[in-house]
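Below is one structure, written out as C-alpha cells; comments come after it.
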Amino acid sequence: MKYWAYFVAKITAIYLVLRGIWPLFKRLLPEPNPFLKANDLQPMGHDLLYTSCVYGFWLAAAGLVYLAIWDQRLRCRTCLRRLRMPISRGDFGRMLLIGRPHMEYICAYGHGTLKVPELQFAGKEPTNWDEHQDIWTELETLDSGKR
C-alpha cells in the first residue's frame, strides 16, 4: 500500500508543480498572431509559435510522468528504497538449458528481488517481484542447517 501511495504522491507533486508553472508559462508566451483573423478562434492550432510552445510544455510534462513511472519500477515494494546490485542471469546462447535472460535487482535491506526480463517474445513481459521473508530468520535457518 505504501508503494502505491508514494507513486500517487509523486504524480500529485508533478501535477501541482505543472499547475503552478502553467500561468507563468502562459504569461511568458508571446502575444498570439493567428493566421486567420476571427473573434472566435483560439490561438491553439492557428498560431505556430504559440502551438509549438504549448506542445513543448506538455511534452515536458509527459516526460516528467514517464520519469516518475520509470523511477517507481525500480523501488522496493516494502521500504521504497532504490533497488541495487543488478545481476545478469541466464544466457542468450543457452536459453533452453538455463532459461531466458533477465536482470535481477535486490533490496539492500533484504525485502525482495525484482526480476526484469531482457528478452520479450510476445510484447512487454511483466516484471516479477519476489518478496523475501525476514532475512535474519533465513540466515539463522541456513546457519543451523550447517551444524
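Ordering of the C-alpha cells sets the chain letters (A, B, ...), residue numbers begin anew at 1 in every chain, and ligands are numbered from 1 in the order given.
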
Distance table requested - range 51-82 of chain A against range 5-29 of chain A, cut-off 10 Å, only C-alpha atoms: one row per qualifying residue with the closest atom pair and its distance in Å to one decimal, ordered by chain and rising residue number, as CSV.
residue,atom,partner,partner_atom,distance
A:Cys53,CA,A:Leu29,CA,7.6
A:Val54,CA,A:Lys26,CA,8.6
A:Phe57,CA,A:Phe25,CA,8.5
A:Trp58,CA,A:Leu18,CA,9.4
A:Ala60,CA,A:Leu18,CA,9.7
A:Ala61,CA,A:Leu18,CA,7.2
A:Leu64,CA,A:Ile14,CA,7.2
A:Val65,CA,A:Ile11,CA,6.9
A:Ala68,CA,A:Lys10,CA,6.8
A:Ile69,CA,A:Phe7,CA,7.9
A:Asp71,CA,A:Phe7,CA,9.4
A:Gln72,CA,A:Phe7,CA,6.7
A:Arg73,CA,A:Phe7,CA,9.9
A:Leu80,CA,A:Tyr6,CA,8.1

### Task
as a VMD selection string, please: all residues of chain A that backbone DSSP puts in helix (DSSP H, G or I).
chain A and resid 2 to 28 48 to 73 135 to 146

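For chain A, the set of residues given strand (DSSP E or B) by DSSP on the backbone reads Arg75, Arg82, Arg84, Met85, Pro86, Ile87, Ser88, Arg89, His102, Met103, Glu104, Tyr105, Ile106, Gly112, Thr113, Leu114, Lys115, Val116, Pro117, Asn128, Trp129, Asp130 and Glu131 of chain A.
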
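Taking CA of Tyr50 in chain A and CA of Pro30 in chain A as the two end points, the separation is 7.1 Å.
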
### Task
Please indicate the distance in Å from CA of Pro126 in chain A to CA of Met103 in chain A, rounded to one decimal place.
12.6 Å

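Using only C-alpha atoms, the nearest neighbour of Thr113 in chain A within the list A:Arg84, A:Ile98, A:Asp47, A:Tyr66 is A:Arg84.
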